[in-house]
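Below is one structure, written out as structure tokens; the observations come after it.
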Amino acid sequence: MVGGDIFHGALSLNQLFSARPMIGKAGYRGAIPGLYLCGSGTHPGGGVTGAPGHNAAQVVIGDLR
């Protein structure tokens, strides 16, 4: 990963919570209906926690109900 970033951006205050991946696009829903985001670029960021996938799955389950 020359010049890459496994966390898809710095984990600073302006890149967390509702600002991840960017302001107005948090919440795990993509720009296309039925597309969900669950990678390192979503809250709470990268690592080996599985938290972004879990959070996105909860949104998908909620949308299916």
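Residue numbering restarts at 1 in every chain; chains get A, B, ... in the order shown in the structure tokens, and ligands count up from 1 in that same order.
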
Requested in this report: Just the residues within 10 Å of Leu11 in chain A, please, counting only C-alpha atoms, with nothing from its chain fewer than 2 positions along; format it as a list in words.
Outcome: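 Using only C-alpha atoms, the neighbours found are Phe7, His8, Gly9, Leu13, Asn14, Gln15, Leu16, Arg20, Gly41, His43, Pro44, Gly45 and Gly46 of chain A.
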
Please dump the current selection as a CSV table (one decimal), in the first residue's frame; keep C-alpha atoms.
chain,number,residue,atom,x,y,z
A,7,PHE,CA,-8.2,3.4,7.9
A,8,HIS,CA,-9.6,5.3,4.9
A,9,GLY,CA,-8.7,8.6,6.4
A,13,LEU,CA,-12.3,14.3,15.6
A,14,ASN,CA,-13.3,15.8,12.2
A,15,GLN,CA,-13.4,12.3,10.7
A,16,LEU,CA,-15.5,10.4,13.3
A,20,ARG,CA,-17.5,9.5,8.5
A,41,GLY,CA,-14.4,4.5,5.8
A,43,HIS,CA,-17.8,4.8,11.7
A,44,PRO,CA,-16.0,3.7,13.9
A,45,GLY,CA,-13.2,3.3,11.4
A,46,GLY,CA,-10.8,0.5,10.5

Query - Exercise: Tyr28 in chain A partners within 6 Å, only C-alpha atoms, chain neighbours under 3 positions left out, as a ChimeraX atom specification - result: /A:36-37,56

Requested in this report: Considering only C-alpha atoms, return as a list of chain:residue names whatever protein or nucleic-acid residues lie within 10 Å of Gly50 in chain A, sequence-local ones (same chain, fewer than 6 positions apart) excluded.
Outcome: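 Here the qualifying residues turn out to be A:Cys38, A:Gly39, A:Ser40, A:Pro44.
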
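Between Pro21 in chain A and the residues A:Leu35, A:Pro52, A:Gly3, A:Gln58, the shortest atom-to-atom distance, using only C-alpha atoms, involves A:Pro52.
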